[in-house]
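File shown here: upload-v4.cif, holding mmCIF, C-alpha atoms.
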data_entry
loop_
_atom_site.label_atom_id
_atom_site.label_comp_id
_atom_site.auth_asym_id
_atom_site.auth_seq_id
_atom_site.Cartn_x
_atom_site.Cartn_y
_atom_site.Cartn_z
CA MET A 1 37.51 36.89 -3.54
CA THR A 2 39.92 39.18 -5.38
CA ASP A 3 38.67 41.27 -8.31
CA LEU A 4 39.93 39.39 -11.34
CA ASN A 5 40.65 40.83 -14.76
CA ILE A 6 40.04 38.08 -17.31
CA THR A 7 40.70 38.90 -20.92
CA HIS A 8 38.69 37.07 -23.49
CA THR A 9 37.60 37.16 -27.07
CA PRO A 10 33.89 37.56 -27.74
CA LEU A 11 32.44 34.45 -29.37
CA THR A 12 31.42 35.43 -32.89
CA PRO A 13 28.53 33.22 -33.93
CA TRP A 14 28.45 31.79 -37.41
CA PRO A 15 25.94 33.77 -39.51
CA VAL A 16 23.72 30.80 -40.28
CA ARG A 17 23.00 30.15 -43.93
CA PRO A 18 21.52 27.17 -45.75
CA VAL A 19 23.95 24.30 -46.32
CA ALA A 20 23.60 20.98 -48.11
CA ASP A 21 21.43 18.39 -46.39
CA PRO A 22 24.01 16.27 -44.51
CA ARG A 23 22.22 13.06 -45.53
CA ARG A 24 23.03 13.82 -49.18
CA ALA A 25 26.02 16.18 -48.97
CA LYS A 26 29.20 15.43 -50.89
CA GLN A 27 32.63 15.88 -49.31
CA PRO A 28 33.25 19.36 -50.79
CA GLN A 29 29.84 20.51 -49.50
CA PHE A 30 30.57 19.18 -46.02
CA MET A 31 33.97 20.89 -46.00
CA ASP A 32 32.56 24.18 -47.26
CA GLY A 33 29.98 24.33 -44.47
CA MET A 34 32.09 22.88 -41.67
CA CYS A 35 35.12 25.06 -42.45
CA GLU A 36 32.92 28.15 -42.59
CA ILE A 37 31.43 27.35 -39.17
CA LEU A 38 34.92 26.69 -37.76
CA LYS A 39 36.15 30.00 -39.16
CA TYR A 40 33.71 31.75 -36.85
CA GLU A 41 33.32 29.43 -33.89
CA GLY A 42 36.42 27.23 -33.76
CA PRO A 43 37.93 25.70 -31.74
CA MET A 44 34.70 23.88 -30.96
CA GLN A 45 33.44 20.43 -30.07
CA ALA A 46 32.70 18.21 -33.05
CA LEU A 47 29.20 17.39 -31.85
CA HIS A 48 28.36 21.11 -31.64
CA LEU A 49 29.71 21.57 -35.19
CA PHE A 50 27.60 18.65 -36.44
CA GLN A 51 24.49 20.09 -34.76
CA SER A 52 25.06 23.58 -36.19
CA TYR A 53 25.58 22.21 -39.69
CA ALA A 54 22.62 19.81 -39.45
CA LYS A 55 20.25 22.56 -38.31
CA ALA A 56 21.35 24.80 -41.22
CA GLY A 57 20.85 21.78 -43.51
CA GLY A 58 17.23 21.43 -42.40
CA LEU A 59 17.54 18.68 -39.78
CA MET A 60 16.20 18.96 -36.26
CA LYS A 61 18.72 16.57 -34.73
CA VAL A 62 21.75 14.47 -35.55
CA THR A 63 20.79 10.79 -35.71
CA ALA A 64 23.30 7.95 -35.50
CA GLY A 65 23.25 7.55 -39.29
CA THR A 66 23.77 11.24 -39.94
CA ARG A 67 26.48 11.35 -37.29
CA SER A 68 28.42 8.64 -39.12
CA LEU A 69 28.25 10.75 -42.31
CA PHE A 70 29.65 13.74 -40.42
CA VAL A 71 32.41 11.62 -38.87
CA ARG A 72 33.42 10.21 -42.26
CA ALA A 73 33.49 13.69 -43.82
CA LEU A 74 35.39 15.08 -40.84
CA LYS A 75 38.03 12.35 -40.93
CA GLN A 76 38.58 13.02 -44.63
CA GLY A 77 38.84 16.76 -43.92
CA VAL A 78 41.48 16.04 -41.26
CA LYS A 79 43.35 13.73 -43.64
CA ASP A 80 43.26 16.45 -46.34
CA GLY A 81 44.64 19.02 -43.87
CA LEU A 82 41.54 21.21 -43.97
CA ILE A 83 40.57 20.66 -40.32
CA ALA A 84 42.66 20.07 -37.20
CA LEU A 85 41.25 17.61 -34.65
CA ASP A 86 42.45 17.48 -31.04
CA ARG A 87 41.11 14.87 -28.63
CA GLU A 88 40.32 16.03 -25.11
CA THR A 89 39.12 14.30 -22.01
CA ASP A 90 35.77 15.53 -20.77
CA SER A 91 33.54 14.41 -17.93
CA GLU A 92 30.74 13.98 -20.49
CA VAL A 93 32.70 11.78 -22.95
CA SER A 94 31.77 8.12 -23.15
CA ASP A 95 34.76 6.91 -25.22
CA ASP A 96 37.40 7.96 -27.79
CA ASP A 97 34.80 7.85 -30.56
CA ASP A 98 32.56 10.39 -28.80
CA PRO A 99 32.66 13.69 -30.76
CA VAL A 100 32.11 15.63 -27.53
CA GLY A 101 35.81 14.96 -26.85
CA TRP A 102 36.94 16.05 -30.33
CA VAL A 103 37.84 19.71 -30.54
CA LEU A 104 37.97 21.01 -34.09
CA ARG A 105 39.58 24.08 -35.56
CA LEU A 106 41.02 25.34 -38.79
CA PRO A 107 44.75 24.51 -39.00
CA ASP A 108 45.77 28.19 -38.67
CA THR A 109 43.61 28.75 -35.56
CA PRO A 110 45.18 28.65 -32.08
CA LEU A 111 44.62 25.47 -30.05
CA VAL A 112 42.74 27.41 -27.36
CA ILE A 113 40.88 30.70 -27.35
CA VAL A 114 39.23 31.88 -24.13
CA ARG A 115 35.94 33.39 -25.25
CA THR A 116 32.64 34.56 -23.91
CA LEU A 117 29.85 32.00 -23.70
CA GLY A 118 27.92 33.40 -26.66
CA ASP A 119 25.19 31.05 -27.79
CA ARG A 120 27.03 27.96 -26.53
CA SER A 121 25.86 25.93 -23.60
CA PHE A 122 28.37 25.28 -20.83
CA ALA A 123 28.62 21.66 -22.01
CA GLU A 124 29.84 22.89 -25.43
CA ILE A 125 32.90 24.75 -24.10
CA PRO A 126 36.05 22.72 -24.83
CA THR A 127 37.79 21.55 -21.65
CA SER A 128 41.03 23.12 -22.91
CA GLU A 129 39.27 26.50 -22.92
CA LEU A 130 38.01 25.93 -19.38
CA ALA A 131 41.53 24.95 -18.31
CA ALA A 132 43.03 28.10 -19.86
CA LEU A 133 40.43 30.23 -18.07
CA ILE A 134 41.14 28.53 -14.74
CA LEU A 135 44.88 28.99 -15.29
CA ASP A 136 44.28 32.71 -15.88
CA ILE A 137 42.15 32.90 -12.72
CA ARG A 138 44.77 31.06 -10.65
CA ALA A 139 47.59 33.20 -12.06
CA GLN A 140 45.87 36.29 -10.68
CA ASP A 141 45.22 34.78 -7.25
CA ASP A 142 46.79 31.42 -6.48
CA MET A 143 45.17 31.34 -3.05
CA LEU A 144 41.66 30.92 -4.43
CA GLY A 145 39.80 27.86 -3.25
CA ARG A 146 37.75 25.56 -5.43
CA GLU A 147 34.45 27.37 -4.75
CA ASP A 148 36.04 30.74 -5.57
CA ILE A 149 37.32 29.31 -8.86
CA TYR A 150 33.83 28.02 -9.64
CA ARG A 151 32.35 31.46 -8.95
CA ALA A 152 34.98 33.19 -11.11
CA VAL A 153 34.28 30.81 -14.03
CA LEU A 154 30.53 31.33 -13.68
CA GLU A 155 31.03 35.09 -13.58
CA HIS A 156 33.25 35.01 -16.68
CA TYR A 157 30.58 33.16 -18.66
CA GLY A 158 27.71 35.21 -17.23
CA LEU A 159 26.15 32.21 -15.50
CA GLN A 160 24.39 32.31 -12.15
CA LYS A 161 23.94 28.72 -11.05
CA LEU A 162 26.52 26.07 -10.24
CA THR A 163 24.65 23.12 -11.74
CA ALA A 164 25.71 19.49 -11.43
CA LEU A 165 27.01 19.60 -15.01
CA VAL A 166 29.10 22.72 -14.36
CA ARG A 167 30.53 21.26 -11.15
CA ARG A 168 31.27 17.90 -12.82
CA ARG A 169 33.07 19.52 -15.79
CA LEU A 170 35.05 21.94 -13.61
CA ASP A 171 36.02 19.14 -11.20
CA HIS A 172 37.22 17.14 -14.20
CA VAL A 173 39.27 20.08 -15.54
CA LEU A 174 40.84 20.73 -12.15
CA ALA A 175 41.75 17.04 -11.77
CA ALA A 176 43.03 16.63 -15.34
CA TYR A 177 44.97 19.89 -15.74
CA PHE A 178 45.95 20.98 -12.23
#
Rewrite the structure of this file - the entire thing - as structure tokens.
Amino acid sequence: MTDLNITHTPLTPWPVRPVADPRRAKQPQFMDGMCEILKYEGPMQALHLFQSYAKAGGLMKVTAGTRSLFVRALKQGVKDGLIALDRETDSEVSDDDDPVGWVLRLPDTPLVIVRTLGDRSFAEIPTSELAALILDIRAQDDMLGREDIYRAVLEHYGLQKLTALVRRRLDHVLAAYF
């Protein structure tokens, strides 16, 4: 495999601070916390945003009821022009209402930023970011095979193992974008 030179932006994690309990938060409180998280970590999957906010609000997990509160607040934030929402296909998405397929960002943030993994799991990387990384890899060596692309992606994110999840998501990106 050719030595590849991938440029990326380091993922800057949100400096966690207490936020309003999402079960009782008002719209301005939701927007304050969600927009602050997006300022640091956007573009990001909606579910990951909900989980980050919920944890800072004192919850261990996002239940169905809490998730509906986040979705309602998010939709209002999109309507008000505070948050941009882009829907993506993802091998892990069950339907259009699944926030794993919603990529959120502040309106003045680029659609895609190729970053380091940071504290994200591989499942939390937007598919558009994976596609941009693969495009960069293929632009440097268009003769790379699928396994070489997998290895280059793993190396970029500092991962060692090609798990079933990683393979499934990368297969999906290659089929959807290339």
Can you translate the PyMOL selection byres ((chain A and resi 54) around 12) into the concrete residues it hits in this file, as a PDB file with C-alpha atoms, in the frame of the given file?
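So the final result, stored in expr15.pdb, reads:
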ATOM      1  CA  VAL A  16      23.720  30.800 -40.280  1.00  0.00           C
ATOM      2  CA  ARG A  17      23.000  30.150 -43.930  1.00  0.00           C
ATOM      3  CA  PRO A  18      21.520  27.170 -45.750  1.00  0.00           C
ATOM      4  CA  VAL A  19      23.950  24.300 -46.320  1.00  0.00           C
ATOM      5  CA  ALA A  20      23.600  20.980 -48.110  1.00  0.00           C
ATOM      6  CA  ASP A  21      21.430  18.390 -46.390  1.00  0.00           C
ATOM      7  CA  PRO A  22      24.010  16.270 -44.510  1.00  0.00           C
ATOM      8  CA  ARG A  23      22.220  13.060 -45.530  1.00  0.00           C
ATOM      9  CA  ARG A  24      23.030  13.820 -49.180  1.00  0.00           C
ATOM     10  CA  ALA A  25      26.020  16.180 -48.970  1.00  0.00           C
ATOM     11  CA  PHE A  30      30.570  19.180 -46.020  1.00  0.00           C
ATOM     12  CA  GLY A  33      29.980  24.330 -44.470  1.00  0.00           C
ATOM     13  CA  MET A  34      32.090  22.880 -41.670  1.00  0.00           C
ATOM     14  CA  ILE A  37      31.430  27.350 -39.170  1.00  0.00           C
ATOM     15  CA  LEU A  47      29.200  17.390 -31.850  1.00  0.00           C
ATOM     16  CA  HIS A  48      28.360  21.110 -31.640  1.00  0.00           C
ATOM     17  CA  LEU A  49      29.710  21.570 -35.190  1.00  0.00           C
ATOM     18  CA  PHE A  50      27.600  18.650 -36.440  1.00  0.00           C
ATOM     19  CA  GLN A  51      24.490  20.090 -34.760  1.00  0.00           C
ATOM     20  CA  SER A  52      25.060  23.580 -36.190  1.00  0.00           C
ATOM     21  CA  TYR A  53      25.580  22.210 -39.690  1.00  0.00           C
ATOM     22  CA  LYS A  55      20.250  22.560 -38.310  1.00  0.00           C
ATOM     23  CA  ALA A  56      21.350  24.800 -41.220  1.00  0.00           C
ATOM     24  CA  GLY A  57      20.850  21.780 -43.510  1.00  0.00           C
ATOM     25  CA  GLY A  58      17.230  21.430 -42.400  1.00  0.00           C
ATOM     26  CA  LEU A  59      17.540  18.680 -39.780  1.00  0.00           C
ATOM     27  CA  MET A  60      16.200  18.960 -36.260  1.00  0.00           C
ATOM     28  CA  LYS A  61      18.720  16.570 -34.730  1.00  0.00           C
ATOM     29  CA  VAL A  62      21.750  14.470 -35.550  1.00  0.00           C
ATOM     30  CA  THR A  63      20.790  10.790 -35.710  1.00  0.00           C
ATOM     31  CA  THR A  66      23.770  11.240 -39.940  1.00  0.00           C
ATOM     32  CA  ARG A  67      26.480  11.350 -37.290  1.00  0.00           C
ATOM     33  CA  LEU A  69      28.250  10.750 -42.310  1.00  0.00           C
ATOM     34  CA  PHE A  70      29.650  13.740 -40.420  1.00  0.00           C
TER      35      PHE A  70
END
### Selection: 12 Å around range 87-96 of chain A, only C-alpha atoms, excl. self and same-chain fewer than 6 positions, as a VMD selection string
chain A and resid 43 to 47 102 to 105 111 to 112 122 to 131 164 to 177
### Message
Between CA of Gln160 in chain A and CA of Pro15 in chain A, what is the distance in Å, rounded to a tenth?
### Response
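CA of Pro15 in chain A lies 27.4 Å from CA of Gln160 in chain A.
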### Query
Pick the closest to Asp98 in chain A from A:Leu117, A:Leu38, A:Ala64, A:Leu135: which is it, counting only C-alpha atoms?
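Nearest to Asp98 in chain A: A:Ala64.
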### Task
Evaluate the PyMOL selection byres ((chain A and resi 78) around 12) and record the selected residues as a VMD selection string, following the chain and residue labels used in the document.
chain A and resid 27 31 34 to 35 71 to 77 79 to 86 102 to 107
How big is the axis-aligned box around all listed atoms of range 23-36 of chain A once 5 Å goes on each side, and where's its centre, in Å to one decimal, as lines of an AutoDock Vina configuration file?
center_x = 28.7
center_y = 20.6
center_z = -46.3
size_x = 22.9
size_y = 25.1
size_z = 19.2
### Query
Between CA of Ala139 in chain A and CA of Leu159 in chain A, what is the distance, to one decimal in Å?
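So the answer is 21.7 Å.
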### Message
Using only C-alpha atoms for the distances, tell me which of A:Gly158, A:Pro99, A:Pro10, A:Pro28 is nearest to Ser68 in chain A.
### Response
A:Pro99
### Which residue of A:Glu41, A:Gln29, A:Gln140, A:Glu36 approaches Thr9 in chain A most closely, using only C-alpha atoms
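So, comparing all the options, the nearest one is A:Glu41.
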### Query
Hey, which of A:Lys39, A:Lys161, A:Arg151, A:His8 ends up closest to Ile113 in chain A? Count only C-alpha atoms.
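Answer, going by the shortest atom-to-atom distance: A:His8.
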### Query
Hey, can you check how far CA of Thr109 in chain A sits from CA of Pro13 in chain A?
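So the two atoms, CA of Thr109 in chain A and CA of Pro13 in chain A, lie 15.8 Å apart.
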### From A:Leu162, A:Ile137, A:Asp32, A:Glu155, residue lying nearest Thr116 in chain A [all atoms listed in the file]
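Among A:Leu162, A:Ile137, A:Asp32, A:Glu155, it is A:Glu155 that comes nearest to Thr116 in chain A.
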#### Entry: Residue among A:Arg146, A:Lys26, A:Trp14, A:Gly42 lying closest to Asp108 in chain A, counting all atoms listed in the file
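Once distances to Asp108 in chain A are computed over all atoms listed in the file, the minimum belongs to A:Gly42.
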